[in-house]
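Pasting query_22.pdb here (PDB, C-alpha atoms):
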```pdb
ATOM      1  CA  MET A  85      17.581  38.010  53.294  1.00  0.00           C
ATOM      2  CA  LYS A  86      18.279  35.570  56.117  1.00  0.00           C
ATOM      3  CA  MET A  87      19.495  37.246  59.303  1.00  0.00           C
ATOM      4  CA  GLU A  88      21.730  35.414  61.785  1.00  0.00           C
ATOM      5  CA  THR A  89      21.613  37.816  64.748  1.00  0.00           C
ATOM      6  CA  ILE A  90      18.260  39.605  64.497  1.00  0.00           C
ATOM      7  CA  LEU A  91      14.605  38.722  64.074  1.00  0.00           C
ATOM      8  CA  ILE A  92      12.069  40.806  62.131  1.00  0.00           C
ATOM      9  CA  GLU A  93       8.325  40.558  62.659  1.00  0.00           C
ATOM     10  CA  LYS A  94       5.795  42.599  60.705  1.00  0.00           C
ATOM     11  CA  GLN A  95       2.484  43.534  62.361  1.00  0.00           C
ATOM     12  CA  ASP A  96      -0.097  45.845  60.840  1.00  0.00           C
ATOM     13  CA  ASN A  97       1.760  49.067  59.947  1.00  0.00           C
ATOM     14  CA  PHE A  98       4.829  48.500  62.110  1.00  0.00           C
ATOM     15  CA  ALA A  99       7.759  46.112  62.443  1.00  0.00           C
ATOM     16  CA  ILE A 100       9.479  44.654  65.502  1.00  0.00           C
ATOM     17  CA  VAL A 101      13.236  44.179  65.172  1.00  0.00           C
ATOM     18  CA  THR A 102      14.688  41.945  67.906  1.00  0.00           C
ATOM     19  CA  ILE A 103      18.416  41.610  68.500  1.00  0.00           C
ATOM     20  CA  ASN A 104      18.766  37.880  68.992  1.00  0.00           C
ATOM     21  CA  ARG A 105      22.022  36.942  70.724  1.00  0.00           C
ATOM     22  CA  PRO A 106      20.644  35.924  74.144  1.00  0.00           C
ATOM     23  CA  THR A 107      23.695  33.902  75.169  1.00  0.00           C
ATOM     24  CA  LYS A 108      25.797  37.066  74.669  1.00  0.00           C
ATOM     25  CA  LEU A 109      23.154  39.299  76.288  1.00  0.00           C
ATOM     26  CA  ASN A 110      22.538  40.635  72.767  1.00  0.00           C
ATOM     27  CA  ALA A 111      25.959  42.291  72.610  1.00  0.00           C
ATOM     28  CA  LEU A 112      26.665  44.168  69.402  1.00  0.00           C
ATOM     29  CA  ASN A 113      29.255  42.637  67.126  1.00  0.00           C
ATOM     30  CA  LYS A 114      30.190  43.519  63.549  1.00  0.00           C
ATOM     31  CA  ALA A 115      27.649  41.105  62.065  1.00  0.00           C
ATOM     32  CA  THR A 116      24.813  42.451  64.215  1.00  0.00           C
ATOM     33  CA  ILE A 117      25.587  46.060  63.289  1.00  0.00           C
ATOM     34  CA  GLU A 118      25.630  45.167  59.597  1.00  0.00           C
ATOM     35  CA  GLU A 119      22.395  43.191  59.823  1.00  0.00           C
ATOM     36  CA  LEU A 120      20.672  45.968  61.741  1.00  0.00           C
ATOM     37  CA  HIS A 121      21.740  48.441  59.054  1.00  0.00           C
ATOM     38  CA  THR A 122      20.261  46.219  56.361  1.00  0.00           C
ATOM     39  CA  ALA A 123      17.038  45.680  58.315  1.00  0.00           C
ATOM     40  CA  PHE A 124      16.518  49.378  59.052  1.00  0.00           C
ATOM     41  CA  SER A 125      17.304  50.303  55.457  1.00  0.00           C
ATOM     42  CA  ASN A 126      14.861  47.752  54.038  1.00  0.00           C
ATOM     43  CA  LEU A 127      12.086  48.652  56.476  1.00  0.00           C
ATOM     44  CA  ASN A 128      12.591  52.358  55.807  1.00  0.00           C
ATOM     45  CA  ASN A 129      12.085  51.660  52.102  1.00  0.00           C
ATOM     46  CA  ASP A 130       8.957  49.567  52.756  1.00  0.00           C
ATOM     47  CA  SER A 131       5.911  51.812  52.353  1.00  0.00           C
ATOM     48  CA  SER A 132       3.814  49.540  54.584  1.00  0.00           C
ATOM     49  CA  THR A 133       6.143  49.984  57.587  1.00  0.00           C
ATOM     50  CA  LYS A 134       5.232  53.217  59.359  1.00  0.00           C
ATOM     51  CA  VAL A 135       7.091  52.574  62.653  1.00  0.00           C
ATOM     52  CA  ILE A 136       9.919  50.304  63.828  1.00  0.00           C
ATOM     53  CA  ILE A 137      10.167  48.908  67.363  1.00  0.00           C
ATOM     54  CA  LEU A 138      13.654  47.798  68.445  1.00  0.00           C
ATOM     55  CA  THR A 139      14.157  45.432  71.381  1.00  0.00           C
ATOM     56  CA  GLY A 140      16.346  42.583  72.638  1.00  0.00           C
ATOM     57  CA  SER A 141      15.610  38.881  72.991  1.00  0.00           C
ATOM     58  CA  GLY A 142      15.116  37.290  76.378  1.00  0.00           C
ATOM     59  CA  GLU A 143      14.342  38.955  79.687  1.00  0.00           C
ATOM     60  CA  LYS A 144      17.801  40.128  80.748  1.00  0.00           C
ATOM     61  CA  ALA A 145      19.076  42.564  78.163  1.00  0.00           C
ATOM     62  CA  PHE A 146      18.206  45.017  75.431  1.00  0.00           C
ATOM     63  CA  VAL A 147      21.877  45.147  74.456  1.00  0.00           C
ATOM     64  CA  ALA A 148      24.461  44.641  77.193  1.00  0.00           C
ATOM     65  CA  GLY A 149      27.220  46.388  75.231  1.00  0.00           C
ATOM     66  CA  ALA A 150      29.606  45.832  72.363  1.00  0.00           C
ATOM     67  CA  ASP A 151      31.420  42.547  71.782  1.00  0.00           C
ATOM     68  CA  ILE A 152      34.757  43.504  73.355  1.00  0.00           C
ATOM     69  CA  SER A 153      36.526  40.425  71.991  1.00  0.00           C
ATOM     70  CA  GLU A 154      36.284  41.891  68.491  1.00  0.00           C
ATOM     71  CA  PHE A 155      38.361  45.002  69.223  1.00  0.00           C
ATOM     72  CA  ALA A 156      40.432  44.303  72.350  1.00  0.00           C
ATOM     73  CA  HIS A 157      43.683  44.318  70.331  1.00  0.00           C
ATOM     74  CA  PHE A 158      42.895  47.199  67.958  1.00  0.00           C
ATOM     75  CA  SER A 159      45.346  50.022  67.301  1.00  0.00           C
ATOM     76  CA  ALA A 160      44.386  53.693  67.673  1.00  0.00           C
ATOM     77  CA  SER A 161      43.616  54.038  63.970  1.00  0.00           C
ATOM     78  CA  GLU A 162      41.586  50.822  63.968  1.00  0.00           C
ATOM     79  CA  GLY A 163      39.609  52.047  66.987  1.00  0.00           C
ATOM     80  CA  GLU A 164      38.848  55.343  65.269  1.00  0.00           C
ATOM     81  CA  GLN A 165      37.738  53.506  62.136  1.00  0.00           C
ATOM     82  CA  LEU A 166      35.562  51.182  64.243  1.00  0.00           C
ATOM     83  CA  ALA A 167      33.702  54.141  65.771  1.00  0.00           C
ATOM     84  CA  ALA A 168      33.344  55.991  62.474  1.00  0.00           C
ATOM     85  CA  LYS A 169      32.042  52.957  60.616  1.00  0.00           C
ATOM     86  CA  GLY A 170      29.648  51.978  63.405  1.00  0.00           C
ATOM     87  CA  GLN A 171      28.149  55.439  63.577  1.00  0.00           C
ATOM     88  CA  GLU A 172      27.771  55.587  59.799  1.00  0.00           C
ATOM     89  CA  LEU A 173      26.199  52.137  59.480  1.00  0.00           C
ATOM     90  CA  LEU A 174      23.938  52.150  62.521  1.00  0.00           C
ATOM     91  CA  PHE A 175      23.881  54.887  65.144  1.00  0.00           C
ATOM     92  CA  ASP A 176      23.739  58.018  62.972  1.00  0.00           C
ATOM     93  CA  PHE A 177      21.782  56.020  60.407  1.00  0.00           C
ATOM     94  CA  VAL A 178      19.008  55.197  62.899  1.00  0.00           C
ATOM     95  CA  GLN A 179      18.909  58.722  64.312  1.00  0.00           C
ATOM     96  CA  ASN A 180      18.316  60.163  60.842  1.00  0.00           C
ATOM     97  CA  LEU A 181      15.991  57.432  59.599  1.00  0.00           C
ATOM     98  CA  GLN A 182      12.755  58.810  58.148  1.00  0.00           C
ATOM     99  CA  THR A 183      10.752  55.997  59.762  1.00  0.00           C
ATOM    100  CA  PRO A 184      10.274  56.496  63.526  1.00  0.00           C
ATOM    101  CA  VAL A 185      12.168  54.029  65.703  1.00  0.00           C
ATOM    102  CA  ILE A 186      11.051  53.249  69.270  1.00  0.00           C
ATOM    103  CA  ALA A 187      13.549  51.552  71.575  1.00  0.00           C
ATOM    104  CA  ALA A 188      11.823  49.102  73.926  1.00  0.00           C
ATOM    105  CA  VAL A 189      14.542  48.658  76.548  1.00  0.00           C
ATOM    106  CA  ASN A 190      13.856  45.305  78.203  1.00  0.00           C
ATOM    107  CA  GLY A 191      16.809  44.916  80.560  1.00  0.00           C
ATOM    108  CA  PHE A 192      20.460  45.954  80.471  1.00  0.00           C
ATOM    109  CA  ALA A 193      21.300  48.735  78.006  1.00  0.00           C
ATOM    110  CA  LEU A 194      24.994  49.318  78.570  1.00  0.00           C
ATOM    111  CA  GLY A 195      27.718  50.890  76.459  1.00  0.00           C
ATOM    112  CA  GLY A 196      26.863  50.382  72.812  1.00  0.00           C
ATOM    113  CA  GLY A 197      23.430  49.166  73.883  1.00  0.00           C
ATOM    114  CA  LEU A 198      22.546  52.468  75.518  1.00  0.00           C
ATOM    115  CA  GLU A 199      24.117  54.292  72.577  1.00  0.00           C
ATOM    116  CA  LEU A 200      21.849  52.339  70.232  1.00  0.00           C
ATOM    117  CA  ALA A 201      18.783  53.102  72.354  1.00  0.00           C
ATOM    118  CA  MET A 202      19.726  56.794  72.352  1.00  0.00           C
ATOM    119  CA  SER A 203      19.991  56.728  68.562  1.00  0.00           C
ATOM    120  CA  CYS A 204      16.329  55.742  68.381  1.00  0.00           C
ATOM    121  CA  HIS A 205      13.785  58.534  68.206  1.00  0.00           C
ATOM    122  CA  PHE A 206      12.561  57.838  71.726  1.00  0.00           C
ATOM    123  CA  ARG A 207      12.771  55.159  74.403  1.00  0.00           C
ATOM    124  CA  ILE A 208      10.475  53.234  76.734  1.00  0.00           C
ATOM    125  CA  ALA A 209      11.747  50.827  79.384  1.00  0.00           C
ATOM    126  CA  SER A 210      10.756  47.896  81.556  1.00  0.00           C
ATOM    127  CA  THR A 211      11.030  48.205  85.332  1.00  0.00           C
ATOM    128  CA  ASN A 212      14.062  45.890  85.385  1.00  0.00           C
ATOM    129  CA  ALA A 213      16.031  47.977  82.866  1.00  0.00           C
ATOM    130  CA  LYS A 214      19.483  49.222  83.838  1.00  0.00           C
ATOM    131  CA  MET A 215      21.347  51.800  81.760  1.00  0.00           C
ATOM    132  CA  GLY A 216      24.885  53.119  81.719  1.00  0.00           C
ATOM    133  CA  LEU A 217      28.056  53.853  79.785  1.00  0.00           C
ATOM    134  CA  PRO A 218      30.809  51.868  81.545  1.00  0.00           C
ATOM    135  CA  GLU A 219      33.499  52.334  78.874  1.00  0.00           C
ATOM    136  CA  VAL A 220      35.969  54.151  81.156  1.00  0.00           C
ATOM    137  CA  THR A 221      36.303  50.951  83.213  1.00  0.00           C
ATOM    138  CA  LEU A 222      37.939  49.487  80.082  1.00  0.00           C
ATOM    139  CA  GLY A 223      40.236  52.459  79.525  1.00  0.00           C
ATOM    140  CA  VAL A 224      38.217  53.827  76.607  1.00  0.00           C
ATOM    141  CA  ILE A 225      35.355  56.281  76.100  1.00  0.00           C
ATOM    142  CA  PRO A 226      31.941  55.804  74.487  1.00  0.00           C
ATOM    143  CA  GLY A 227      32.566  55.726  70.740  1.00  0.00           C
ATOM    144  CA  TYR A 228      29.141  55.299  69.182  1.00  0.00           C
ATOM    145  CA  GLY A 229      27.812  58.763  70.026  1.00  0.00           C
ATOM    146  CA  GLY A 230      27.381  58.268  73.769  1.00  0.00           C
ATOM    147  CA  THR A 231      29.234  61.400  74.885  1.00  0.00           C
ATOM    148  CA  GLN A 232      27.092  63.496  72.549  1.00  0.00           C
ATOM    149  CA  ARG A 233      23.605  61.983  72.739  1.00  0.00           C
ATOM    150  CA  LEU A 234      23.609  61.386  76.496  1.00  0.00           C
ATOM    151  CA  THR A 235      24.534  65.034  77.034  1.00  0.00           C
ATOM    152  CA  GLN A 236      21.776  66.172  74.659  1.00  0.00           C
ATOM    153  CA  LEU A 237      19.197  64.025  76.430  1.00  0.00           C
ATOM    154  CA  ILE A 238      20.006  64.505  80.120  1.00  0.00           C
ATOM    155  CA  GLY A 239      22.323  67.521  80.300  1.00  0.00           C
ATOM    156  CA  LYS A 240      26.057  68.029  80.682  1.00  0.00           C
ATOM    157  CA  GLY A 241      26.377  67.552  84.449  1.00  0.00           C
ATOM    158  CA  ARG A 242      24.478  64.272  84.644  1.00  0.00           C
ATOM    159  CA  ALA A 243      26.182  62.931  81.524  1.00  0.00           C
ATOM    160  CA  MET A 244      29.599  63.791  82.946  1.00  0.00           C
ATOM    161  CA  GLU A 245      28.783  61.988  86.193  1.00  0.00           C
ATOM    162  CA  LEU A 246      27.396  58.857  84.520  1.00  0.00           C
ATOM    163  CA  ILE A 247      30.291  58.542  82.097  1.00  0.00           C
ATOM    164  CA  MET A 248      33.034  59.293  84.643  1.00  0.00           C
ATOM    165  CA  THR A 249      31.637  57.047  87.402  1.00  0.00           C
ATOM    166  CA  ALA A 250      30.511  54.315  84.958  1.00  0.00           C
ATOM    167  CA  ASN A 251      27.447  53.933  87.186  1.00  0.00           C
ATOM    168  CA  MET A 252      24.250  52.258  86.049  1.00  0.00           C
ATOM    169  CA  ILE A 253      20.874  53.897  86.623  1.00  0.00           C
ATOM    170  CA  ASP A 254      17.531  52.158  86.950  1.00  0.00           C
ATOM    171  CA  ALA A 255      14.506  52.759  84.756  1.00  0.00           C
ATOM    172  CA  GLU A 256      12.754  55.213  87.076  1.00  0.00           C
ATOM    173  CA  THR A 257      15.904  57.322  87.384  1.00  0.00           C
ATOM    174  CA  ALA A 258      16.275  57.230  83.595  1.00  0.00           C
ATOM    175  CA  LYS A 259      12.697  58.475  83.321  1.00  0.00           C
ATOM    176  CA  SER A 260      13.302  61.278  85.793  1.00  0.00           C
ATOM    177  CA  TYR A 261      16.367  62.308  83.757  1.00  0.00           C
ATOM    178  CA  GLY A 262      14.361  62.346  80.515  1.00  0.00           C
ATOM    179  CA  LEU A 263      16.309  59.429  79.066  1.00  0.00           C
ATOM    180  CA  VAL A 264      13.176  57.277  78.696  1.00  0.00           C
ATOM    181  CA  ASN A 265       9.573  58.395  78.249  1.00  0.00           C
ATOM    182  CA  HIS A 266       7.672  55.575  79.990  1.00  0.00           C
ATOM    183  CA  VAL A 267       8.411  52.758  82.442  1.00  0.00           C
ATOM    184  CA  VAL A 268       6.185  49.675  82.617  1.00  0.00           C
ATOM    185  CA  SER A 269       6.540  46.037  83.623  1.00  0.00           C
ATOM    186  CA  GLN A 270       8.417  43.768  81.263  1.00  0.00           C
ATOM    187  CA  GLU A 271       5.142  42.013  80.408  1.00  0.00           C
ATOM    188  CA  GLU A 272       3.601  45.334  79.350  1.00  0.00           C
ATOM    189  CA  LEU A 273       6.597  46.715  77.465  1.00  0.00           C
ATOM    190  CA  LEU A 274       5.898  45.445  73.954  1.00  0.00           C
ATOM    191  CA  ASP A 275       2.178  46.140  74.305  1.00  0.00           C
ATOM    192  CA  LEU A 276       2.963  49.767  75.112  1.00  0.00           C
ATOM    193  CA  ALA A 277       5.412  49.950  72.205  1.00  0.00           C
ATOM    194  CA  LYS A 278       2.776  48.541  69.863  1.00  0.00           C
ATOM    195  CA  ALA A 279       0.158  50.991  71.141  1.00  0.00           C
ATOM    196  CA  LEU A 280       2.504  53.907  70.551  1.00  0.00           C
ATOM    197  CA  ALA A 281       3.441  52.549  67.122  1.00  0.00           C
ATOM    198  CA  THR A 282      -0.240  52.210  66.202  1.00  0.00           C
ATOM    199  CA  LYS A 283      -0.919  55.792  67.283  1.00  0.00           C
ATOM    200  CA  ILE A 284       2.050  57.100  65.293  1.00  0.00           C
ATOM    201  CA  SER A 285       1.135  55.058  62.212  1.00  0.00           C
ATOM    202  CA  GLN A 286      -2.260  56.780  62.020  1.00  0.00           C
ATOM    203  CA  ASN A 287      -0.568  60.118  61.374  1.00  0.00           C
ATOM    204  CA  SER A 288       1.187  61.376  58.251  1.00  0.00           C
ATOM    205  CA  SER A 289       4.439  59.476  57.692  1.00  0.00           C
ATOM    206  CA  VAL A 290       5.537  62.204  55.289  1.00  0.00           C
ATOM    207  CA  ALA A 291       5.052  64.896  57.933  1.00  0.00           C
ATOM    208  CA  ILE A 292       6.706  62.758  60.620  1.00  0.00           C
ATOM    209  CA  ALA A 293       9.812  62.301  58.444  1.00  0.00           C
ATOM    210  CA  LYS A 294      10.038  66.065  57.983  1.00  0.00           C
ATOM    211  CA  ALA A 295       9.587  66.588  61.732  1.00  0.00           C
ATOM    212  CA  ILE A 296      12.405  64.117  62.503  1.00  0.00           C
ATOM    213  CA  GLU A 297      14.711  66.027  60.160  1.00  0.00           C
ATOM    214  CA  ALA A 298      13.803  69.374  61.727  1.00  0.00           C
ATOM    215  CA  ILE A 299      14.214  68.142  65.322  1.00  0.00           C
ATOM    216  CA  ASN A 300      17.586  66.546  64.551  1.00  0.00           C
ATOM    217  CA  ALA A 301      18.764  69.758  62.883  1.00  0.00           C
ATOM    218  CA  ASN A 302      18.717  71.472  66.280  1.00  0.00           C
ATOM    219  CA  PHE A 303      21.681  69.309  67.322  1.00  0.00           C
ATOM    220  CA  GLU A 304      23.800  69.687  64.172  1.00  0.00           C
ATOM    221  CA  ASP A 305      26.749  72.071  64.217  1.00  0.00           C
ATOM    222  CA  GLY A 306      26.360  74.934  61.787  1.00  0.00           C
ATOM    223  CA  VAL A 307      22.710  74.153  61.062  1.00  0.00           C
ATOM    224  CA  ASN A 308      19.874  76.472  62.065  1.00  0.00           C
ATOM    225  CA  GLY A 309      17.043  74.221  63.199  1.00  0.00           C
ATOM    226  CA  PHE A 310      14.494  77.002  62.827  1.00  0.00           C
ATOM    227  CA  HIS A 311      15.432  77.387  59.161  1.00  0.00           C
ATOM    228  CA  VAL A 312      15.041  73.637  58.577  1.00  0.00           C
ATOM    229  CA  GLU A 313      11.656  73.747  60.311  1.00  0.00           C
ATOM    230  CA  ILE A 314      10.491  76.632  58.105  1.00  0.00           C
ATOM    231  CA  LYS A 315      11.696  74.838  54.949  1.00  0.00           C
ATOM    232  CA  ASN A 316      10.040  71.553  55.914  1.00  0.00           C
ATOM    233  CA  PHE A 317       6.851  73.292  57.005  1.00  0.00           C
ATOM    234  CA  GLY A 318       6.588  74.894  53.581  1.00  0.00           C
ATOM    235  CA  ALA A 319       7.461  71.663  51.784  1.00  0.00           C
ATOM    236  CA  SER A 320       4.606  69.923  53.602  1.00  0.00           C
ATOM    237  CA  PHE A 321       2.101  72.078  51.732  1.00  0.00           C
ATOM    238  CA  ALA A 322       3.060  70.380  48.466  1.00  0.00           C
ATOM    239  CA  THR A 323       2.319  66.842  49.716  1.00  0.00           C
ATOM    240  CA  GLU A 324      -0.735  64.676  49.173  1.00  0.00           C
ATOM    241  CA  ASP A 325      -0.833  64.067  52.927  1.00  0.00           C
ATOM    242  CA  PHE A 326      -1.324  67.788  53.558  1.00  0.00           C
ATOM    243  CA  LYS A 327      -4.199  67.868  51.100  1.00  0.00           C
ATOM    244  CA  GLU A 328      -5.774  64.802  52.693  1.00  0.00           C
ATOM    245  CA  GLY A 329      -5.232  66.007  56.256  1.00  0.00           C
ATOM    246  CA  THR A 330      -6.701  69.474  55.722  1.00  0.00           C
ATOM    247  CA  THR A 331      -9.575  68.171  53.610  1.00  0.00           C
ATOM    248  CA  ALA A 332     -10.450  65.559  56.240  1.00  0.00           C
ATOM    249  CA  PHE A 333     -10.368  68.219  58.953  1.00  0.00           C
ATOM    250  CA  LEU A 334     -12.701  70.518  57.021  1.00  0.00           C
ATOM    251  CA  GLU A 335     -15.013  67.600  56.189  1.00  0.00           C
ATOM    252  CA  LYS A 336     -14.991  66.519  59.847  1.00  0.00           C
ATOM    253  CA  ARG A 337     -13.716  63.006  59.088  1.00  0.00           C
ATOM    254  CA  LYS A 338     -10.617  60.978  59.956  1.00  0.00           C
ATOM    255  CA  ALA A 339      -7.725  61.456  57.550  1.00  0.00           C
ATOM    256  CA  ILE A 340      -6.472  58.446  55.629  1.00  0.00           C
ATOM    257  CA  PHE A 341      -2.797  58.904  54.877  1.00  0.00           C
ATOM    258  CA  VAL A 342      -1.095  56.668  52.337  1.00  0.00           C
ATOM    259  CA  GLY A 343       2.273  58.315  51.797  1.00  0.00           C
ATOM    260  CA  LYS A 344       5.637  57.576  53.362  1.00  0.00           C
TER
END
```
File written out as structure tokens:
Amino acid sequence: MKMETILIEKQDNFAIVTINRPTKLNALNKATIEELHTAFSNLNNDSSTKVIILTGSGEKAFVAGADISEFAHFSASEGEQLAAKGQELLFDFVQNLQTPVIAAVNGFALGGGLELAMSCHFRIASTNAKMGLPEVTLGVIPGYGGTQRLTQLIGKGRAMELIMTANMIDAETAKSYGLVNHVVSQEELLDLAKALATKISQNSSVAIAKAIEAINANFEDGVNGFHVEIKNFGASFATEDFKEGTTAFLEKRKAIFVGK
């Protein structure tokens, strides 16, 4: 399928998805959200893709926000539908994807861009990255999970301050808050992402998918994350990857996992 707003590159056991709207600082519009959904869905179903790296084209922005021109004249009901559909198609979808997704934040990650990065399983950033949720300057609030995920990642007080002030933070501050895991130069960013993807891809994709589900369960209302962990731990025993992993350990060799 030909994509108009994103690029997909396959390398070894991982894929790099690049949001490619550089003249718009890679802002998310309806077409981009739909294409990202299709790309993530297809890559998740591809047994050869063990990890997905998500980044933005150019040197200025990961995603500088949503395309405001698309919803500036929406009614209340249309705004609610916009948020619900976006979360279903992309933000919640990425968070719950069985294939790990690394956000390589290579510049501005604002509004919907930061919300997209937070939907990924973890984030790394370049030294020039700037992050924030400036929605209140437009008379609206974050609608793609920002009020929830930012609070989960950095705590209530810091999330309240960032959202209410609409301030941007730099990469080192984001790291100190726990919002990103690593900060490197822009030239080193994709190399680090690839190194992490390679490391992850050597482990059991089946086990990783179960771990993602268990970790996410901790943040779901009415769900006991410990119970999900126990269930998924037990289910792991019935997989070929468990047999291979334990056999390789006992035989003092490196496991070769094939499942996803």
task = Starting from the shown file, work through the PyMOL selection byres ((chain A and resi 207) around 9) and note down what comes out as a PyMOL selection string.
result = chain A and resi 185-189+201-202+204-206+208-209+263-266
Can I get the selected residues back with C-alpha atoms, as an mmCIF file, keeping the file's coordinate frame?
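Below is the file that was written, out.cif:
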```cif
data_model
loop_
_atom_site.group_PDB
_atom_site.id
_atom_site.type_symbol
_atom_site.label_atom_id
_atom_site.label_comp_id
_atom_site.auth_asym_id
_atom_site.auth_seq_id
_atom_site.Cartn_x
_atom_site.Cartn_y
_atom_site.Cartn_z
ATOM 1 C CA VAL A 185 12.168 54.029 65.703
ATOM 2 C CA ILE A 186 11.051 53.249 69.270
ATOM 3 C CA ALA A 187 13.549 51.552 71.575
ATOM 4 C CA ALA A 188 11.823 49.102 73.926
ATOM 5 C CA VAL A 189 14.542 48.658 76.548
ATOM 6 C CA ALA A 201 18.783 53.102 72.354
ATOM 7 C CA MET A 202 19.726 56.794 72.352
ATOM 8 C CA CYS A 204 16.329 55.742 68.381
ATOM 9 C CA HIS A 205 13.785 58.534 68.206
ATOM 10 C CA PHE A 206 12.561 57.838 71.726
ATOM 11 C CA ILE A 208 10.475 53.234 76.734
ATOM 12 C CA ALA A 209 11.747 50.827 79.384
ATOM 13 C CA LEU A 263 16.309 59.429 79.066
ATOM 14 C CA VAL A 264 13.176 57.277 78.696
ATOM 15 C CA ASN A 265 9.573 58.395 78.249
ATOM 16 C CA HIS A 266 7.672 55.575 79.990
#
```
Closest atom pairs, region 275-298 of chain A residues within 7 Å of region 314-333 of chain A, all atoms listed in the file, as CSV:
```
residue,atom,partner,partner_atom,distance
A:Ser288,CA,A:Asp325,CA,6.3
A:Ala291,CA,A:Ser320,CA,6.7
A:Lys294,CA,A:Asn316,CA,5.9
```
request  = Would you mind listing what lies within 6 Å of region 307-312 of chain A as a list in words, with all atoms listed in the file counted and same-chain residues fewer than 4 positions away left out?
outcome  =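 That gives Ala298, Ala301 and Asn302 of chain A.
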With C-alpha atoms retained, could you export that selection as a CSV table (one decimal), in the coordinates of the input?
```csv
chain,number,residue,atom,x,y,z
A,298,ALA,CA,13.8,69.4,61.7
A,301,ALA,CA,18.8,69.8,62.9
A,302,ASN,CA,18.7,71.5,66.3
```
query = What lies within 8 Å of region 140-152 of chain A using all atoms listed in the file, ignoring chain neighbours under 3 positions off, as a list in words?
reply =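 So, after excluding close chain neighbours, the residues are Thr102, Ile103, Asn104, Arg105, Pro106, Leu109, Asn110, Ala111, Leu112, Asn113, Phe155, Ala156, Ala188, Val189, Asn190, Gly191, Phe192, Ala193, Leu194, Gly195, Gly196, Gly197, Leu198, Ala213 and Gln270 of chain A.
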ask   = So how far away is CA of Glu271 (chain A) from CA of Ala258 (chain A), in Å?
value =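 Those two atoms sit 19.1 Å apart.
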key: d(CA of Ile284 (chain A), CA of Ile253 (chain A)) in Å   =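 If I compute the distance from CA of Ile284 (chain A) to CA of Ile253 (chain A), I get 28.6 Å.
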Given 3 Å of margin on each side, can you work out the centre and size in Å (one decimal) of an axis-aligned box holding every listed atom of region 325-329 of chain A, as AutoDock Vina command-line options?
```
--center_x -3.3 --center_y 66.0 --center_z 53.7 --size_x 10.9 --size_y 9.8 --size_z 11.2
```
key: Closest of A:Leu276, A:Thr122, A:Met244, A:Ile299 to Ile225 (chain A) - atom-to-atom distances counting all atoms listed in the file   =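 Once distances to Ile225 (chain A) are computed over all atoms listed in the file, the minimum belongs to A:Met244.
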message = Please determine, counting all atoms listed in the file, which residue among A:Ile247, A:Ile137, A:Ala168, A:Ala123 has the shortest atom-to-atom distance to Gln95 (chain A).
response =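 So, comparing all the options, the nearest one is A:Ile137.
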request  = Please measure the separation of CA of Thr183 (chain A) and CA of Ser285 (chain A), giving the value in Å to one decimal.
outcome  = 10.0 Å
ask   = Which of these residues is nearest to Gln179 (chain A), using all atoms listed in the file: A:Met252, A:Leu200, A:Leu127, A:Ala160?
value = A:Leu200
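You can rank A:Gln182, A:Ile340, A:Leu217, A:Leu173 by their closest distance to Leu234 (chain A) using all atoms listed in the file, and at the top of that list sits A:Leu217.
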ask   = Hey, what comes out of the PyMOL selection byres ((chain A and resi 131-136) around 10) on this file? Could you write it as a PyMOL selection string?
value = chain A and resi 92-101+124+126-130+137-139+182-187+204+277-278+280-290+292+342-344
